[in-house]
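The next block is query-v1.pdb, given as PDB, C-alpha atoms, pLDDT in the B column.
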```pdb
ATOM      1  CA  VAL J   1      16.292  -9.135  29.524  1.00 53.00           C
ATOM      2  CA  MET J   2      16.575  -8.398  25.814  1.00 51.00           C
ATOM      3  CA  ARG J   3      13.564  -6.951  24.021  1.00 53.00           C
ATOM      4  CA  ALA J   4      12.814  -7.049  20.340  1.00 50.00           C
ATOM      5  CA  VAL J   5      13.134  -3.646  18.741  1.00 52.00           C
ATOM      6  CA  ASP J   6      10.827  -2.419  16.013  1.00 57.00           C
ATOM      7  CA  GLU J   7      13.680  -0.995  13.944  1.00 51.00           C
ATOM      8  CA  GLU J   8      11.339   0.631  11.437  1.00 55.00           C
ATOM      9  CA  GLN J   9       9.949   2.809  14.217  1.00 62.00           C
ATOM     10  CA  PHE J  10      13.385   4.389  14.574  1.00 64.00           C
ATOM     11  CA  SER J  11      14.364   4.707  10.904  1.00 67.00           C
ATOM     12  CA  PRO J  12      14.494   8.259   9.564  1.00 75.00           C
ATOM     13  CA  VAL J  13      12.188   8.431   6.543  1.00 77.00           C
ATOM     14  CA  ALA J  14      11.295  10.775   3.742  1.00 77.00           C
ATOM     15  CA  TYR J  15       8.208  10.020   1.667  1.00 74.00           C
ATOM     16  CA  MET J  16       6.517  11.561  -1.343  1.00 72.00           C
ATOM     17  CA  SER J  17       3.317   9.563  -1.609  1.00 71.00           C
ATOM     18  CA  GLN J  18       0.581   9.580  -4.222  1.00 68.00           C
ATOM     19  CA  HIS J  19       2.244  12.529  -5.896  1.00 66.00           C
ATOM     20  CA  PRO J  20       1.260  13.774  -9.393  1.00 72.00           C
ATOM     21  CA  LEU J  21       4.938  14.125 -10.329  1.00 73.00           C
ATOM     22  CA  PHE J  22       4.259  13.375 -13.982  1.00 68.00           C
ATOM     23  CA  HIS J  23       1.994  16.434 -14.246  1.00 73.00           C
ATOM     24  CA  GLN J  24       4.667  18.642 -12.701  1.00 76.00           C
ATOM     25  CA  ALA J  25       7.467  17.210 -14.841  1.00 76.00           C
ATOM     26  CA  PRO J  26       5.812  16.068 -18.103  1.00 77.00           C
ATOM     27  CA  GLY J  27       9.157  14.951 -19.540  1.00 79.00           C
ATOM     28  CA  LEU J  28       9.129  12.076 -17.062  1.00 76.00           C
ATOM     29  CA  GLN J  29       6.008  10.649 -18.724  1.00 75.00           C
ATOM     30  CA  ASP J  30       8.205   9.506 -21.593  1.00 75.00           C
ATOM     31  CA  LEU J  31      10.034   7.228 -19.154  1.00 75.00           C
ATOM     32  CA  ILE J  32       6.976   5.181 -18.159  1.00 74.00           C
ATOM     33  CA  THR J  33       4.774   2.869 -20.159  1.00 74.00           C
ATOM     34  CA  VAL J  34       1.157   2.169 -19.343  1.00 73.00           C
ATOM     35  CA  PRO J  35       0.948  -1.553 -18.506  1.00 72.00           C
ATOM     36  CA  PRO J  36      -0.961  -3.620 -21.087  1.00 72.00           C
ATOM     37  CA  HIS J  37      -3.667  -4.493 -18.525  1.00 72.00           C
ATOM     38  CA  ALA J  38      -4.552  -0.791 -18.292  1.00 71.00           C
ATOM     39  CA  LEU J  39      -4.756  -0.097 -22.015  1.00 72.00           C
ATOM     40  CA  GLY J  40      -8.205   0.931 -23.157  1.00 76.00           C
ATOM     41  CA  ARG J  41      -9.387   1.639 -19.607  1.00 73.00           C
ATOM     42  CA  ALA J  42     -10.130   4.992 -18.028  1.00 73.00           C
ATOM     43  CA  LEU J  43      -7.183   5.823 -15.797  1.00 71.00           C
ATOM     44  CA  ALA J  44      -6.939   8.179 -12.861  1.00 73.00           C
ATOM     45  CA  PRO J  45      -3.848  10.407 -12.917  1.00 75.00           C
ATOM     46  CA  VAL J  46      -0.652   8.358 -12.638  1.00 81.00           C
ATOM     47  CA  ASN J  47       1.097   8.842  -9.290  1.00 83.00           C
ATOM     48  CA  ALA J  48       4.667   8.481  -8.090  1.00 86.00           C
ATOM     49  CA  TRP J  49       5.631   7.030  -4.724  1.00 88.00           C
ATOM     50  CA  VAL J  50       9.217   7.880  -3.722  1.00 91.00           C
ATOM     51  CA  GLY J  51      10.590   7.049  -0.304  1.00 91.00           C
ATOM     52  CA  THR J  52      13.467   5.942   1.826  1.00 92.00           C
ATOM     53  CA  ARG J  53      13.893   2.617   3.579  1.00 92.00           C
ATOM     54  CA  GLY J  54      11.285   2.210   6.315  1.00 90.00           C
ATOM     55  CA  THR J  55       8.590   4.247   4.592  1.00 89.00           C
ATOM     56  CA  VAL J  56       5.187   2.750   5.405  1.00 91.00           C
ATOM     57  CA  THR J  57       1.772   3.000   3.799  1.00 90.00           C
ATOM     58  CA  ALA J  58      -0.661   1.863   6.479  1.00 92.00           C
ATOM     59  CA  LEU J  59      -3.139  -0.956   5.916  1.00 96.00           C
ATOM     60  CA  HIS J  60      -5.869   0.349   3.609  1.00 94.00           C
ATOM     61  CA  SER J  61      -8.078  -0.403   0.615  1.00 93.00           C
ATOM     62  CA  ASP J  62      -8.542   1.660  -2.541  1.00 89.00           C
ATOM     63  CA  PRO J  63     -11.761   2.590  -4.367  1.00 86.00           C
ATOM     64  CA  GLN J  64     -10.388   1.467  -7.750  1.00 88.00           C
ATOM     65  CA  HIS J  65      -8.365  -1.381  -9.225  1.00 89.00           C
ATOM     66  CA  ASN J  66      -4.676  -0.608  -8.912  1.00 90.00           C
ATOM     67  CA  LEU J  67      -1.584  -1.631 -10.848  1.00 92.00           C
ATOM     68  CA  LEU J  68       1.446  -0.945  -8.650  1.00 94.00           C
ATOM     69  CA  ALA J  69       4.675  -0.927 -10.656  1.00 93.00           C
ATOM     70  CA  GLN J  70       8.006  -1.070  -8.857  1.00 96.00           C
ATOM     71  CA  VAL J  71      10.603   1.058 -10.657  1.00 94.00           C
ATOM     72  CA  ALA J  72      13.548   1.022  -8.227  1.00 96.00           C
ATOM     73  CA  GLY J  73      14.251  -0.524  -4.839  1.00 97.00           C
ATOM     74  CA  PHE J  74      12.265  -3.152  -2.969  1.00 98.00           C
ATOM     75  CA  LYS J  75       8.960  -3.166  -1.101  1.00 97.00           C
ATOM     76  CA  TYR J  76       7.389  -5.613   1.342  1.00 97.00           C
ATOM     77  CA  LEU J  77       3.602  -6.028   1.069  1.00 97.00           C
ATOM     78  CA  ARG J  78       0.931  -7.779   3.081  1.00 97.00           C
ATOM     79  CA  LEU J  79      -2.387  -8.474   1.409  1.00 97.00           C
ATOM     80  CA  TYR J  80      -5.615  -9.114   3.329  1.00 97.00           C
ATOM     81  CA  SER J  81      -8.877 -10.257   1.767  1.00 92.00           C
ATOM     82  CA  ARG J  82     -12.088  -8.279   1.897  1.00 90.00           C
ATOM     83  CA  GLU J  83     -13.504 -11.027   4.117  1.00 92.00           C
ATOM     84  CA  SER J  84     -11.015 -10.093   6.856  1.00 94.00           C
ATOM     85  CA  GLU J  85     -12.427  -6.586   7.438  1.00 93.00           C
ATOM     86  CA  GLU J  86     -13.731  -7.424  10.917  1.00 95.00           C
ATOM     87  CA  LEU J  87     -10.388  -8.956  11.932  1.00 97.00           C
ATOM     88  CA  ILE J  88      -8.383  -5.943  10.768  1.00 96.00           C
ATOM     89  CA  TYR J  89     -10.783  -3.417  12.366  1.00 96.00           C
ATOM     90  CA  ALA J  90     -11.538  -1.873   8.989  1.00 93.00           C
ATOM     91  CA  ASP J  91     -13.142   1.530   8.705  1.00 89.00           C
ATOM     92  CA  VAL J  92     -14.634   2.076   5.246  1.00 79.00           C
ATOM     93  CA  LEU J  93     -15.049   5.762   4.479  1.00 70.00           C
ATOM     94  CA  ARG J  94     -17.780   7.000   2.157  1.00 58.00           C
ATOM     95  CA  GLY J  95     -18.930   3.401   1.775  1.00 53.00           C
ATOM     96  CA  THR J  96     -22.113   4.358  -0.050  1.00 57.00           C
ATOM     97  CA  ASN J  97     -20.434   5.984  -3.043  1.00 54.00           C
ATOM     98  CA  THR J  98     -18.013   4.882  -5.751  1.00 56.00           C
ATOM     99  CA  ASN J  99     -15.056   6.670  -4.175  1.00 56.00           C
ATOM    100  CA  SER J 100     -15.085   4.681  -0.933  1.00 61.00           C
ATOM    101  CA  PHE J 101     -11.779   3.673   0.568  1.00 70.00           C
ATOM    102  CA  GLY J 102     -10.833   1.940   3.752  1.00 87.00           C
ATOM    103  CA  ARG J 103      -8.284   2.223   6.486  1.00 91.00           C
ATOM    104  CA  SER J 104      -7.288   0.166   9.475  1.00 94.00           C
ATOM    105  CA  PRO J 105      -5.957   1.569  12.766  1.00 95.00           C
ATOM    106  CA  VAL J 106      -3.804  -1.537  13.336  1.00 96.00           C
ATOM    107  CA  ARG J 107      -0.048  -1.120  13.082  1.00 94.00           C
ATOM    108  CA  VAL J 108       0.495  -4.236  10.992  1.00 95.00           C
ATOM    109  CA  GLU J 109       4.043  -5.203  11.975  1.00 94.00           C
ATOM    110  CA  ALA J 110       3.714  -4.190  15.627  1.00 94.00           C
ATOM    111  CA  PRO J 111       0.011  -4.654  16.464  1.00 95.00           C
ATOM    112  CA  ASP J 112      -1.405  -3.805  19.868  1.00 96.00           C
ATOM    113  CA  LEU J 113      -3.165  -7.130  20.436  1.00 97.00           C
ATOM    114  CA  LYS J 114      -4.733  -5.952  23.676  1.00 97.00           C
ATOM    115  CA  ARG J 115      -6.522  -3.226  21.740  1.00 97.00           C
ATOM    116  CA  PHE J 116      -7.013  -5.265  18.526  1.00 97.00           C
ATOM    117  CA  PRO J 117      -7.135  -8.934  19.614  1.00 98.00           C
ATOM    118  CA  LEU J 118      -8.905 -10.201  16.470  1.00 98.00           C
ATOM    119  CA  PHE J 119      -5.996  -9.039  14.321  1.00 97.00           C
ATOM    120  CA  ALA J 120      -3.934 -12.044  15.444  1.00 97.00           C
ATOM    121  CA  SER J 121      -6.384 -14.252  13.486  1.00 97.00           C
ATOM    122  CA  ALA J 122      -6.234 -12.259  10.242  1.00 97.00           C
ATOM    123  CA  GLU J 123      -4.707 -14.318   7.445  1.00 97.00           C
ATOM    124  CA  TYR J 124      -2.565 -12.585   4.871  1.00 97.00           C
ATOM    125  CA  LEU J 125      -0.283 -13.124   1.924  1.00 97.00           C
ATOM    126  CA  GLU J 126       3.100 -11.477   1.896  1.00 97.00           C
ATOM    127  CA  LEU J 127       5.331 -10.663  -1.022  1.00 97.00           C
ATOM    128  CA  LEU J 128       8.272  -8.596  -2.147  1.00 98.00           C
ATOM    129  CA  LEU J 129       8.130  -6.208  -5.080  1.00 98.00           C
ATOM    130  CA  ALA J 130      11.394  -5.825  -7.004  1.00 98.00           C
ATOM    131  CA  PRO J 131      12.255  -3.478  -9.866  1.00 97.00           C
ATOM    132  CA  GLY J 132      10.190  -4.418 -12.918  1.00 94.00           C
ATOM    133  CA  ASP J 133       7.421  -6.135 -10.915  1.00 96.00           C
ATOM    134  CA  VAL J 134       3.800  -5.046 -11.338  1.00 94.00           C
ATOM    135  CA  LEU J 135       1.133  -6.082  -8.832  1.00 96.00           C
ATOM    136  CA  PHE J 136      -2.610  -5.992  -9.533  1.00 94.00           C
ATOM    137  CA  LEU J 137      -4.637  -5.002  -6.462  1.00 94.00           C
ATOM    138  CA  PRO J 138      -8.386  -5.488  -6.994  1.00 92.00           C
ATOM    139  CA  GLN J 139     -10.713  -2.713  -5.875  1.00 89.00           C
ATOM    140  CA  GLY J 140     -11.400  -2.878  -2.147  1.00 88.00           C
ATOM    141  CA  HIS J 141      -8.657  -5.382  -1.266  1.00 91.00           C
ATOM    142  CA  TRP J 142      -6.571  -4.509   1.743  1.00 95.00           C
ATOM    143  CA  HIS J 143      -2.826  -3.925   1.539  1.00 96.00           C
ATOM    144  CA  TYR J 144       0.060  -2.686   3.653  1.00 97.00           C
ATOM    145  CA  VAL J 145       3.370  -1.547   2.151  1.00 95.00           C
ATOM    146  CA  ARG J 146       6.839  -0.953   3.620  1.00 94.00           C
ATOM    147  CA  SER J 147       9.934   0.085   1.667  1.00 94.00           C
ATOM    148  CA  LEU J 148      12.908  -2.185   2.289  1.00 95.00           C
ATOM    149  CA  SER J 149      15.233   0.261   0.548  1.00 95.00           C
ATOM    150  CA  THR J 150      14.999   3.652  -1.049  1.00 94.00           C
ATOM    151  CA  SER J 151      12.387   3.004  -3.691  1.00 95.00           C
ATOM    152  CA  VAL J 152      10.309   4.432  -6.496  1.00 93.00           C
ATOM    153  CA  SER J 153       6.894   3.094  -7.519  1.00 93.00           C
ATOM    154  CA  VAL J 154       4.305   4.220 -10.028  1.00 91.00           C
ATOM    155  CA  ASN J 155       0.654   3.280  -9.761  1.00 89.00           C
ATOM    156  CA  PHE J 156      -2.185   3.192 -12.241  1.00 85.00           C
ATOM    157  CA  TRP J 157      -5.687   3.348 -10.789  1.00 83.00           C
ATOM    158  CA  MET J 158      -8.337   2.130 -13.204  1.00 81.00           C
TER     159      MET J 158
END
```
Spit out the file's structure as structure tokens when you get a sec.
Amino acid sequence: VMRAVDEEQFSPVAYMSQHPLFHQAPGLQDLITVPPHALGRALAPVNAWVGTRGTVTALHSDPQHNLLAQVAGFKYLRLYSRESEELIYADVLRGTNTNSFGRSPVRVEAPDLKRFPLFASAEYLELLLAPGDVLFLPQGHWHYVRSLSTSVSVNFWM
């Protein structure tokens, strides 16, 4: 009997996530441009996301609008609406203040449907980010990210 293998579970990964690289190496700031949609808005510090193939950012939501810019490599994303929180077993932390964020215990691409049976009914959109792409993620919307290759992303929270 052949069994499907979750190859990402066995991929060696290295990940520098949500890192203030541009504060540590100010010369790199000259290499990025603030996207036009962010101009004139208050921005949180710009972060770098650098990782190898197979790097995963678990299903979560952010407390601010987010522009995710893909600089190098490719990423696979799944997007879930705010209305699907029950189906994805969402846990919203600090939900009563403006810095609330959410997380889901479900392993998106290999869910334990005995433990999380409602997840099978959660609808999602999927997309690929390629170099030069910028994705707008509205505040509180749920997203899961996996690097398909070594990749570099920059995000702008606003």
Residues matched by the PyMOL selection byres ((chain J and resi 149) around 7) as a ChimeraX atom specification: /J:52-53,73-74,147-148,150-151
Local residues around (9.2, 3.2, 5.1), at most 9 Å away, using only C-alpha atoms, as number ranges by chain: J: 8, 11-15, 51-57, 75, 145-150
Let's have the selection written as an mmCIF file, in the coordinates of the input, with C-alpha atoms.
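selection29.cif written:
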```
data_model
loop_
_atom_site.group_PDB
_atom_site.id
_atom_site.type_symbol
_atom_site.label_atom_id
_atom_site.label_comp_id
_atom_site.auth_asym_id
_atom_site.auth_seq_id
_atom_site.Cartn_x
_atom_site.Cartn_y
_atom_site.Cartn_z
ATOM 1 C CA GLU J 8 11.339 0.631 11.437
ATOM 2 C CA SER J 11 14.364 4.707 10.904
ATOM 3 C CA PRO J 12 14.494 8.259 9.564
ATOM 4 C CA VAL J 13 12.188 8.431 6.543
ATOM 5 C CA ALA J 14 11.295 10.775 3.742
ATOM 6 C CA TYR J 15 8.208 10.020 1.667
ATOM 7 C CA GLY J 51 10.590 7.049 -0.304
ATOM 8 C CA THR J 52 13.467 5.942 1.826
ATOM 9 C CA ARG J 53 13.893 2.617 3.579
ATOM 10 C CA GLY J 54 11.285 2.210 6.315
ATOM 11 C CA THR J 55 8.590 4.247 4.592
ATOM 12 C CA VAL J 56 5.187 2.750 5.405
ATOM 13 C CA THR J 57 1.772 3.000 3.799
ATOM 14 C CA LYS J 75 8.960 -3.166 -1.101
ATOM 15 C CA VAL J 145 3.370 -1.547 2.151
ATOM 16 C CA ARG J 146 6.839 -0.953 3.620
ATOM 17 C CA SER J 147 9.934 0.085 1.667
ATOM 18 C CA LEU J 148 12.908 -2.185 2.289
ATOM 19 C CA SER J 149 15.233 0.261 0.548
ATOM 20 C CA THR J 150 14.999 3.652 -1.049
#
```
Option closest in space to Ile88 of chain J, from J:Val152, J:His143, J:Gln64, J:Leu39 [counting all atoms listed in the file]: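 Ranked by minimum distance to Ile88 of chain J, first place goes to J:His143.
With only C-alpha atoms as the atoms that count, the minimum distance from Glu83 of chain J to the choices J:Leu21, J:Leu31, J:Ala44, J:Ala122 is reached by J:Ala122.
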Residues matched by the PyMOL selection byres ((chain J and resi 108-115) around 10) as a ChimeraX atom specification: /J:5-6,8-9,58-59,78,88,104-107,116-120,144-146
Selection near Ala42 of chain J, 9 Å with all atoms listed in the file, sequence-local residues under 3 positions removed, as a PyMOL selection string: chain J and resi 38-39+157-158
Who sits within 6 Å of segment 123-140 of chain J, only C-alpha atoms, same chain under 4 positions skipped, as a PyMOL selection string: chain J and resi 61-72+74-80
Any chance you can output those residues with C-alpha atoms as a JSON list (two decimals), in the coordinates of the input?
```json
[["chain", "number", "residue", "atom", "x", "y", "z"],
["J", 61, "SER", "CA", -8.08, -0.40, 0.62],
["J", 62, "ASP", "CA", -8.54, 1.66, -2.54],
["J", 63, "PRO", "CA", -11.76, 2.59, -4.37],
["J", 64, "GLN", "CA", -10.39, 1.47, -7.75],
["J", 65, "HIS", "CA", -8.36, -1.38, -9.22],
["J", 66, "ASN", "CA", -4.68, -0.61, -8.91],
["J", 67, "LEU", "CA", -1.58, -1.63, -10.85],
["J", 68, "LEU", "CA", 1.45, -0.94, -8.65],
["J", 69, "ALA", "CA", 4.68, -0.93, -10.66],
["J", 70, "GLN", "CA", 8.01, -1.07, -8.86],
["J", 71, "VAL", "CA", 10.60, 1.06, -10.66],
["J", 72, "ALA", "CA", 13.55, 1.02, -8.23],
["J", 74, "PHE", "CA", 12.26, -3.15, -2.97],
["J", 75, "LYS", "CA", 8.96, -3.17, -1.10],
["J", 76, "TYR", "CA", 7.39, -5.61, 1.34],
["J", 77, "LEU", "CA", 3.60, -6.03, 1.07],
["J", 78, "ARG", "CA", 0.93, -7.78, 3.08],
["J", 79, "LEU", "CA", -2.39, -8.47, 1.41],
["J", 80, "TYR", "CA", -5.62, -9.11, 3.33]]
```
Two-atom distance - atom CA of Leu28 of chain J, atom CA of Met16 of chain J (Å):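 So the answer is 15.9 Å.
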Provide segment 50-71 of chain J rebuilt to N, CA, C and O atoms, formatted as a PDB file, keeping the file's coordinate frame.
```pdb
ATOM      1  N   VAL J  50       7.767   7.860  -3.890  1.00 91.00           N
ATOM      2  CA  VAL J  50       9.217   7.880  -3.722  1.00 91.00           C
ATOM      3  C   VAL J  50       9.510   7.962  -2.227  1.00 91.00           C
ATOM      4  O   VAL J  50       8.994   8.856  -1.547  1.00 91.00           O
ATOM      5  N   GLY J  51      10.316   7.023  -1.731  1.00 91.00           N
ATOM      6  CA  GLY J  51      10.590   7.049  -0.304  1.00 91.00           C
ATOM      7  C   GLY J  51      11.862   6.323   0.068  1.00 91.00           C
ATOM      8  O   GLY J  51      12.416   5.549  -0.718  1.00 91.00           O
ATOM      9  N   THR J  52      12.282   6.587   1.273  1.00 92.00           N
ATOM     10  CA  THR J  52      13.467   5.942   1.826  1.00 92.00           C
ATOM     11  C   THR J  52      13.103   4.605   2.461  1.00 92.00           C
ATOM     12  O   THR J  52      11.926   4.268   2.622  1.00 92.00           O
ATOM     13  N   ARG J  53      14.101   3.866   2.851  1.00 92.00           N
ATOM     14  CA  ARG J  53      13.893   2.617   3.579  1.00 92.00           C
ATOM     15  C   ARG J  53      13.059   2.925   4.828  1.00 92.00           C
ATOM     16  O   ARG J  53      13.252   3.931   5.490  1.00 92.00           O
ATOM     17  N   GLY J  54      12.104   2.036   5.119  1.00 90.00           N
ATOM     18  CA  GLY J  54      11.285   2.210   6.315  1.00 90.00           C
ATOM     19  C   GLY J  54      10.012   2.998   6.094  1.00 90.00           C
ATOM     20  O   GLY J  54       9.190   3.106   6.993  1.00 90.00           O
ATOM     21  N   THR J  55       9.820   3.530   4.892  1.00 89.00           N
ATOM     22  CA  THR J  55       8.590   4.247   4.592  1.00 89.00           C
ATOM     23  C   THR J  55       7.423   3.262   4.608  1.00 89.00           C
ATOM     24  O   THR J  55       7.518   2.178   4.040  1.00 89.00           O
ATOM     25  N   VAL J  56       6.335   3.643   5.263  1.00 91.00           N
ATOM     26  CA  VAL J  56       5.187   2.750   5.405  1.00 91.00           C
ATOM     27  C   VAL J  56       3.925   3.413   4.867  1.00 91.00           C
ATOM     28  O   VAL J  56       3.681   4.591   5.108  1.00 91.00           O
ATOM     29  N   THR J  57       3.135   2.618   4.142  1.00 90.00           N
ATOM     30  CA  THR J  57       1.772   3.000   3.799  1.00 90.00           C
ATOM     31  C   THR J  57       0.894   2.070   4.621  1.00 90.00           C
ATOM     32  O   THR J  57       0.930   0.846   4.452  1.00 90.00           O
ATOM     33  N   ALA J  58       0.145   2.647   5.539  1.00 92.00           N
ATOM     34  CA  ALA J  58      -0.661   1.863   6.479  1.00 92.00           C
ATOM     35  C   ALA J  58      -1.670   0.981   5.750  1.00 92.00           C
ATOM     36  O   ALA J  58      -2.009   1.221   4.592  1.00 92.00           O
ATOM     37  N   LEU J  59      -2.163  -0.019   6.460  1.00 96.00           N
ATOM     38  CA  LEU J  59      -3.139  -0.956   5.916  1.00 96.00           C
ATOM     39  C   LEU J  59      -4.387  -0.199   5.462  1.00 96.00           C
ATOM     40  O   LEU J  59      -5.008   0.520   6.239  1.00 96.00           O
ATOM     41  N   HIS J  60      -4.744  -0.376   4.185  1.00 94.00           N
ATOM     42  CA  HIS J  60      -5.869   0.349   3.609  1.00 94.00           C
ATOM     43  C   HIS J  60      -6.404  -0.384   2.386  1.00 94.00           C
ATOM     44  O   HIS J  60      -5.794  -1.342   1.909  1.00 94.00           O
ATOM     45  N   SER J  61      -7.534   0.085   1.884  1.00 93.00           N
ATOM     46  CA  SER J  61      -8.078  -0.403   0.615  1.00 93.00           C
ATOM     47  C   SER J  61      -8.357   0.810  -0.265  1.00 93.00           C
ATOM     48  O   SER J  61      -8.565   1.910   0.221  1.00 93.00           O
ATOM     49  N   ASP J  62      -8.337   0.581  -1.577  1.00 89.00           N
ATOM     50  CA  ASP J  62      -8.542   1.660  -2.541  1.00 89.00           C
ATOM     51  C   ASP J  62      -9.896   1.515  -3.232  1.00 89.00           C
ATOM     52  O   ASP J  62     -10.402   0.406  -3.386  1.00 89.00           O
ATOM     53  N   PRO J  63     -10.446   2.633  -3.710  1.00 86.00           N
ATOM     54  CA  PRO J  63     -11.761   2.590  -4.367  1.00 86.00           C
ATOM     55  C   PRO J  63     -11.712   2.111  -5.813  1.00 86.00           C
ATOM     56  O   PRO J  63     -12.756   1.971  -6.441  1.00 86.00           O
ATOM     57  N   GLN J  64     -10.521   1.897  -6.356  1.00 88.00           N
ATOM     58  CA  GLN J  64     -10.388   1.467  -7.750  1.00 88.00           C
ATOM     59  C   GLN J  64      -9.384   0.323  -7.832  1.00 88.00           C
ATOM     60  O   GLN J  64      -8.572   0.125  -6.936  1.00 88.00           O
ATOM     61  N   HIS J  65      -9.418  -0.407  -8.951  1.00 89.00           N
ATOM     62  CA  HIS J  65      -8.365  -1.381  -9.225  1.00 89.00           C
ATOM     63  C   HIS J  65      -7.054  -0.613  -9.320  1.00 89.00           C
ATOM     64  O   HIS J  65      -7.021   0.550  -9.736  1.00 89.00           O
ATOM     65  N   ASN J  66      -5.972  -1.279  -8.963  1.00 90.00           N
ATOM     66  CA  ASN J  66      -4.676  -0.608  -8.912  1.00 90.00           C
ATOM     67  C   ASN J  66      -3.608  -1.513  -9.504  1.00 90.00           C
ATOM     68  O   ASN J  66      -3.526  -2.684  -9.151  1.00 90.00           O
ATOM     69  N   LEU J  67      -2.800  -0.973 -10.393  1.00 92.00           N
ATOM     70  CA  LEU J  67      -1.584  -1.631 -10.848  1.00 92.00           C
ATOM     71  C   LEU J  67      -0.431  -0.877 -10.206  1.00 92.00           C
ATOM     72  O   LEU J  67      -0.237   0.315 -10.468  1.00 92.00           O
ATOM     73  N   LEU J  68       0.316  -1.555  -9.345  1.00 94.00           N
ATOM     74  CA  LEU J  68       1.446  -0.945  -8.650  1.00 94.00           C
ATOM     75  C   LEU J  68       2.726  -1.458  -9.298  1.00 94.00           C
ATOM     76  O   LEU J  68       3.024  -2.654  -9.235  1.00 94.00           O
ATOM     77  N   ALA J  69       3.451  -0.569  -9.940  1.00 93.00           N
ATOM     78  CA  ALA J  69       4.675  -0.927 -10.656  1.00 93.00           C
ATOM     79  C   ALA J  69       5.892  -0.470  -9.859  1.00 93.00           C
ATOM     80  O   ALA J  69       5.990   0.707  -9.495  1.00 93.00           O
ATOM     81  N   GLN J  70       6.791  -1.391  -9.601  1.00 96.00           N
ATOM     82  CA  GLN J  70       8.006  -1.070  -8.857  1.00 96.00           C
ATOM     83  C   GLN J  70       9.099  -0.682  -9.849  1.00 96.00           C
ATOM     84  O   GLN J  70       9.471  -1.477 -10.711  1.00 96.00           O
ATOM     85  N   VAL J  71       9.605   0.535  -9.727  1.00 94.00           N
ATOM     86  CA  VAL J  71      10.603   1.058 -10.657  1.00 94.00           C
ATOM     87  C   VAL J  71      12.010   0.839 -10.116  1.00 94.00           C
ATOM     88  O   VAL J  71      12.906   0.381 -10.826  1.00 94.00           O
TER      89      VAL J  71
END
```
